[in-house]
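*Asks:* Next up is a structure, given as structure tokens.
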Amino acid sequence: MKSDPTENALAALDEVPLHTPAGRKQLVKAFASRSNRVAAKAARITGEAQWSELMPDLVTAFDRLIAHGAEVDKGCVALSAMARALVALDCKDHELFLKGMRHVQMEPVWGGSIDTAAELRGLCAMGLVGTRFPHKLRVFVDLLVDKEWQARAGAVRAITNEGSEAACLLLRLKILTGDQEPEVLADCFTGILSLDGSDAMPLVTSFAATAEPSLREAALLALGTSRRPDAVDFLRDRFAAVADRETRSCILLALSTSRTDAAIEFLLGIIRDATPSMSAMAVSAMELHRDELLRAEVEKALQARSPEL
């Protein structure tokens with residue numbers, strides 16, 4: 001059976017000797033591969049290894065690929081991997097990131113076409129944050145109204161990382177004007193809580209009490225992710241105030257995500273003392289933890305349940 005040269009090249013990259021001249025030669029060759037999968041894997045290795053000496057070669061490869069688009073990189077697979085690696089390597093080339101933020105790559109699919117560069121635009125926005133480009137927020141605003149939600153979500157994360165007062169205002173505006181994709185607003189909620197702290201609580205909790213399920217879930221999970229004591233207090237109070245099973249399940253998951261002592265103690269209390277169905281939901285929420293001590297606490301709470309419950 002004839003071997004597949006692409007699969008062979010991918011396998012060979014697993015054996016690259018990191019931070020050696022021979023390894024560098026092998027990765028540079030992979031950046032120029034006709035297979036975008038090979039180029040993408042080489043980029044991932046470079047970023048994960050923090051191999052900054054390869055940054056100029058990555059930039060050269062990125063420029064070549066973006067100039068030819070889908071002709072050489074279907075799905076923007078290699079370009080996205082290279083952008084992610086350049087961000088990890090703290091690349092300061094703002095022109096490269098601006099070029100990536102402007103890149104649109106329409107590719108045919110059944111019944112029409114799709115833009116496969118949306119994730120790339122968001123990644124390049126994150127890269128631009130770390131540069132000295134003076135007008136970051138201006139171009140982030142452009143990306144906030146991108147047609148593709150992945151690009152808008154990338155813009156939100158970049159704005160959050162920029163971290164200025166103007167960035168806070170942009171996040172607030174985006175939350176109040178809304179977005180068709182709940183994940184974009186979820187990133188907004190997480191961002192505004194990290195930047196504005198307690199001042200953001202009234203805004204986010206107002207969405208946590210909304211009747212629209214996807215917005216409510218996004219806000220509740222963002223409150224949990226924030227790990228703020230006042231957010232945990234809100235979640236516990238909200239759990240007691242609502243009867244809807246799906247909302248309660250989401251609150252338990254948000255509390256588990258927070259990983260704070262107060263939240264974990266509340267969850268263990270639900271496992272130990274609540275109805276069987278609520279107890280089972282709390283156990284399910286705690287399953288995201290891999291900590292053996294926590295798993296032991298869950299088991300102890302289950303064993304402490306009264307037979308009458």
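Please note that chains go A, B, ... in the order of the structure tokens, that every chain numbers its residues from 1, and that ligands are numbered from 1 in the order shown.
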Determine, counting only C-alpha atoms, which protein, DNA and RNA residues have an atom within 12 Å of an atom of A:Glu246; residues of the same chain fewer than 6 positions away are not included. Present the result as a PyMOL selection string.

*Replies:* chain A and resi 213-214+216-217+220+239+252-253+278+281

*Asks:* Suppose we keep N, CA and C atoms; can you now write the selection as a PDB file, in the first residue's frame?

*Replies:*
ATOM      1  N   PRO A 213     -33.567  32.689  27.235  1.00  0.00           N
ATOM      2  CA  PRO A 213     -32.720  31.631  27.804  1.00  0.00           C
ATOM      3  C   PRO A 213     -31.232  31.741  27.472  1.00  0.00           C
ATOM      4  N   SER A 214     -30.890  32.026  26.210  1.00  0.00           N
ATOM      5  CA  SER A 214     -29.474  32.035  25.840  1.00  0.00           C
ATOM      6  C   SER A 214     -28.728  33.190  26.503  1.00  0.00           C
ATOM      7  N   ARG A 216     -29.649  34.636  29.366  1.00  0.00           N
ATOM      8  CA  ARG A 216     -29.618  34.312  30.791  1.00  0.00           C
ATOM      9  C   ARG A 216     -28.479  33.348  31.102  1.00  0.00           C
ATOM     10  N   GLU A 217     -28.350  32.309  30.293  1.00  0.00           N
ATOM     11  CA  GLU A 217     -27.291  31.323  30.517  1.00  0.00           C
ATOM     12  C   GLU A 217     -25.910  31.948  30.366  1.00  0.00           C
ATOM     13  N   LEU A 220     -25.202  34.096  33.481  1.00  0.00           N
ATOM     14  CA  LEU A 220     -24.982  33.274  34.675  1.00  0.00           C
ATOM     15  C   LEU A 220     -23.603  32.621  34.650  1.00  0.00           C
ATOM     16  N   PHE A 239     -30.571  31.008  42.768  1.00  0.00           N
ATOM     17  CA  PHE A 239     -30.971  29.601  42.815  1.00  0.00           C
ATOM     18  C   PHE A 239     -32.193  29.432  43.711  1.00  0.00           C
ATOM     19  N   LEU A 252     -26.096  26.027  38.994  1.00  0.00           N
ATOM     20  CA  LEU A 252     -25.209  25.063  39.656  1.00  0.00           C
ATOM     21  C   LEU A 252     -23.907  24.907  38.874  1.00  0.00           C
ATOM     22  N   LEU A 253     -24.004  24.870  37.549  1.00  0.00           N
ATOM     23  CA  LEU A 253     -22.809  24.771  36.730  1.00  0.00           C
ATOM     24  C   LEU A 253     -21.950  26.029  36.878  1.00  0.00           C
ATOM     25  N   MET A 278     -32.368  17.429  42.370  1.00  0.00           N
ATOM     26  CA  MET A 278     -31.455  18.561  42.546  1.00  0.00           C
ATOM     27  C   MET A 278     -30.062  18.073  42.933  1.00  0.00           C
ATOM     28  N   MET A 281     -28.288  16.943  39.882  1.00  0.00           N
ATOM     29  CA  MET A 281     -27.825  18.055  39.056  1.00  0.00           C
ATOM     30  C   MET A 281     -26.545  18.666  39.623  1.00  0.00           C
TER      31      MET A 281
END

*Asks:* Can you tell me which residues surround A:Leu267 at a distance of at most 12 Å, considering only C-alpha atoms, apart from same-chain residues fewer than 4 positions away, and format the answer as a CSV table (one decimal) with N, CA and C atoms, in the first residue's frame?

*Replies:*
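Output (result09.csv):
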chain,number,residue,atom,x,y,z
A,232,VAL,N,-20.9,35.0,43.4
A,232,VAL,CA,-21.3,33.8,44.0
A,232,VAL,C,-22.6,34.0,44.9
A,235,LEU,N,-25.6,34.3,42.6
A,235,LEU,CA,-25.9,33.0,42.1
A,235,LEU,C,-26.7,32.1,43.1
A,236,ARG,N,-26.2,32.1,44.4
A,236,ARG,CA,-26.9,31.4,45.4
A,236,ARG,C,-28.3,31.9,45.7
A,239,PHE,N,-30.6,31.0,42.8
A,239,PHE,CA,-31.0,29.6,42.8
A,239,PHE,C,-32.2,29.4,43.7
A,248,ARG,N,-31.9,26.6,37.1
A,248,ARG,CA,-31.2,26.1,38.3
A,248,ARG,C,-30.0,25.2,37.9
A,249,SER,N,-30.2,24.4,36.9
A,249,SER,CA,-29.0,23.6,36.5
A,249,SER,C,-27.9,24.5,36.0
A,251,ILE,N,-27.3,27.6,37.0
A,251,ILE,CA,-26.7,28.2,38.1
A,251,ILE,C,-25.7,27.3,38.9
A,252,LEU,N,-26.1,26.0,39.0
A,252,LEU,CA,-25.2,25.1,39.7
A,252,LEU,C,-23.9,24.9,38.9
A,253,LEU,N,-24.0,24.9,37.5
A,253,LEU,CA,-22.8,24.8,36.7
A,253,LEU,C,-22.0,26.0,36.9
A,254,ALA,N,-22.6,27.2,36.9
A,254,ALA,CA,-21.8,28.5,37.1
A,254,ALA,C,-21.1,28.5,38.4
A,255,LEU,N,-21.8,28.0,39.5
A,255,LEU,CA,-21.1,27.9,40.8
A,255,LEU,C,-20.0,27.0,40.8
A,256,SER,N,-20.1,25.8,40.1
A,256,SER,CA,-19.0,24.9,40.0
A,256,SER,C,-17.9,25.5,39.3
A,257,THR,N,-18.2,26.2,38.2
A,257,THR,CA,-17.1,26.9,37.4
A,257,THR,C,-16.3,27.9,38.2
A,258,SER,N,-17.0,28.5,39.2
A,258,SER,CA,-16.3,29.6,40.0
A,258,SER,C,-15.2,29.0,40.8
A,259,ARG,N,-15.4,27.7,41.3
A,259,ARG,CA,-14.4,27.0,42.1
A,259,ARG,C,-14.0,27.7,43.4
A,260,THR,N,-14.8,28.6,43.9
A,260,THR,CA,-14.5,29.2,45.1
A,260,THR,C,-15.0,28.3,46.3
A,261,ASP,N,-14.5,28.5,47.5
A,261,ASP,CA,-14.9,27.7,48.6
A,261,ASP,C,-16.3,27.9,48.9
A,262,ALA,N,-16.9,29.1,48.8
A,262,ALA,CA,-18.3,29.3,49.1
A,262,ALA,C,-19.2,28.6,48.1
A,263,ALA,N,-18.8,28.6,46.9
A,263,ALA,CA,-19.6,28.0,45.8
A,263,ALA,C,-19.6,26.5,46.0
A,271,ILE,N,-26.0,18.7,47.2
A,271,ILE,CA,-25.9,17.2,47.0
A,271,ILE,C,-26.3,16.5,48.3
A,272,ARG,N,-26.0,17.0,49.4
A,272,ARG,CA,-26.3,16.3,50.7
A,272,ARG,C,-27.8,16.4,51.1
A,273,ASP,N,-28.4,17.6,50.9
A,273,ASP,CA,-29.7,17.9,51.5
A,273,ASP,C,-30.9,18.1,50.6
A,274,ALA,N,-30.6,18.3,49.3
A,274,ALA,CA,-31.7,18.7,48.4
A,274,ALA,C,-32.5,17.4,47.9
A,278,MET,N,-32.4,17.4,42.4
A,278,MET,CA,-31.5,18.6,42.5
A,278,MET,C,-30.1,18.1,42.9
A,279,SER,N,-30.0,17.1,43.8
A,279,SER,CA,-28.7,16.5,44.2
A,279,SER,C,-28.0,16.0,43.0
A,280,ALA,N,-28.7,15.3,42.1
A,280,ALA,CA,-28.1,14.7,40.9
A,280,ALA,C,-27.6,15.8,40.0
A,281,MET,N,-28.3,16.9,39.9
A,281,MET,CA,-27.8,18.1,39.1
A,281,MET,C,-26.5,18.7,39.6
A,282,ALA,N,-26.5,18.8,40.9
A,282,ALA,CA,-25.3,19.3,41.6
A,282,ALA,C,-24.1,18.4,41.4
A,283,VAL,N,-24.3,17.1,41.5
A,283,VAL,CA,-23.2,16.1,41.2
A,283,VAL,C,-22.8,16.3,39.8
A,284,SER,N,-23.7,16.4,38.8
A,284,SER,CA,-23.3,16.6,37.4
A,284,SER,C,-22.5,17.9,37.2
A,285,ALA,N,-22.9,18.9,37.9
A,285,ALA,CA,-22.1,20.2,37.8
A,285,ALA,C,-20.7,20.1,38.3
A,286,MET,N,-20.5,19.2,39.3
A,286,MET,CA,-19.2,19.1,39.9
A,286,MET,C,-18.3,18.1,39.1
A,287,GLU,N,-18.9,17.5,38.1
A,287,GLU,CA,-18.1,16.5,37.3
A,287,GLU,C,-17.0,17.2,36.5
A,294,LEU,N,-11.8,16.9,45.8
A,294,LEU,CA,-13.2,17.4,45.6
A,294,LEU,C,-14.1,16.2,45.3
A,297,GLU,N,-15.1,14.7,48.4
A,297,GLU,CA,-16.1,15.5,49.2
A,297,GLU,C,-17.5,15.2,48.6
A,298,VAL,N,-17.6,15.1,47.3
A,298,VAL,CA,-18.9,14.8,46.6
A,298,VAL,C,-19.4,13.5,47.1
A,301,ALA,N,-20.6,13.7,50.6
A,301,ALA,CA,-21.9,14.4,50.7
A,301,ALA,C,-23.1,13.4,50.3
A,302,LEU,N,-22.8,12.6,49.3
A,302,LEU,CA,-23.8,11.6,48.8
A,302,LEU,C,-24.1,10.6,49.9

*Asks:* Can you list, as an NGL selection string, every protein, DNA or RNA residue that comes within 9 Å of stretch 92-109 of chain A when you count only C-alpha atoms, leaving out same-chain residues fewer than 3 positions away?

*Replies:* :A and (59 or 62-63 or 66 or 69-70 or 74-76 or 79 or 83 or 86-87 or 112-118 or 120-133 or 139 or 143 or 151)

*Asks:* Point out the residue among A:Arg64, A:Lys41, A:His289, A:Arg157 with the least atom-to-atom distance to A:Leu10, counting only C-alpha atoms.

*Replies:*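 Closest residue, counting only C-alpha atoms: A:Lys41.
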
*Asks:* So that I can see what lies close to stretch 171-179 of chain A, please list as JSON, numbers by chain the residues with an atom at most 10 Å from it, counting only C-alpha atoms and leaving out residues fewer than 2 positions away in the same chain.

*Replies:* {"A": [141, 144, 145, 149, 152, 156, 157, 159, 160, 166, 167, 168, 169, 181, 182, 183, 184, 185, 186, 187, 188, 189, 190, 191, 192, 195, 200, 203, 204, 207, 215]}

*Asks:* Could you tell me how far atom CA of A:Phe234 lies from atom CA of A:Leu170, in Å and to one decimal?

*Replies:*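 Computing it gives 25.1 Å between the two atoms.
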
*Asks:* How many Å separate atom CA of A:Asp73 from atom CA of A:Asn36?

*Replies:* 5.5 Å

*Asks:* Which residues, written as a ChimeraX atom specification, have at least one atom at most 12 Å from A:Ala11, with only C-alpha atoms counted and residues fewer than 4 positions away on the same chain left out?

*Replies:* /A:3-7,15-16,30,37-38,41-42

*Asks:* Which residues in stretch 12-177 of chain A does DSSP call alpha helix (DSSP H)? List them as a ChimeraX atom specification.

*Replies:* /A:12-13,21-31,36-48,55-68,77-88,94-102,118-129,136-144,149-162,165-177

*Asks:* If you measure from atom CA of A:Gly47 to atom CA of A:Arg34, what distance in Å do you get, rounded to one decimal?

*Replies:*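 Separating atom CA of A:Gly47 from atom CA of A:Arg34 is a distance of 20.5 Å.
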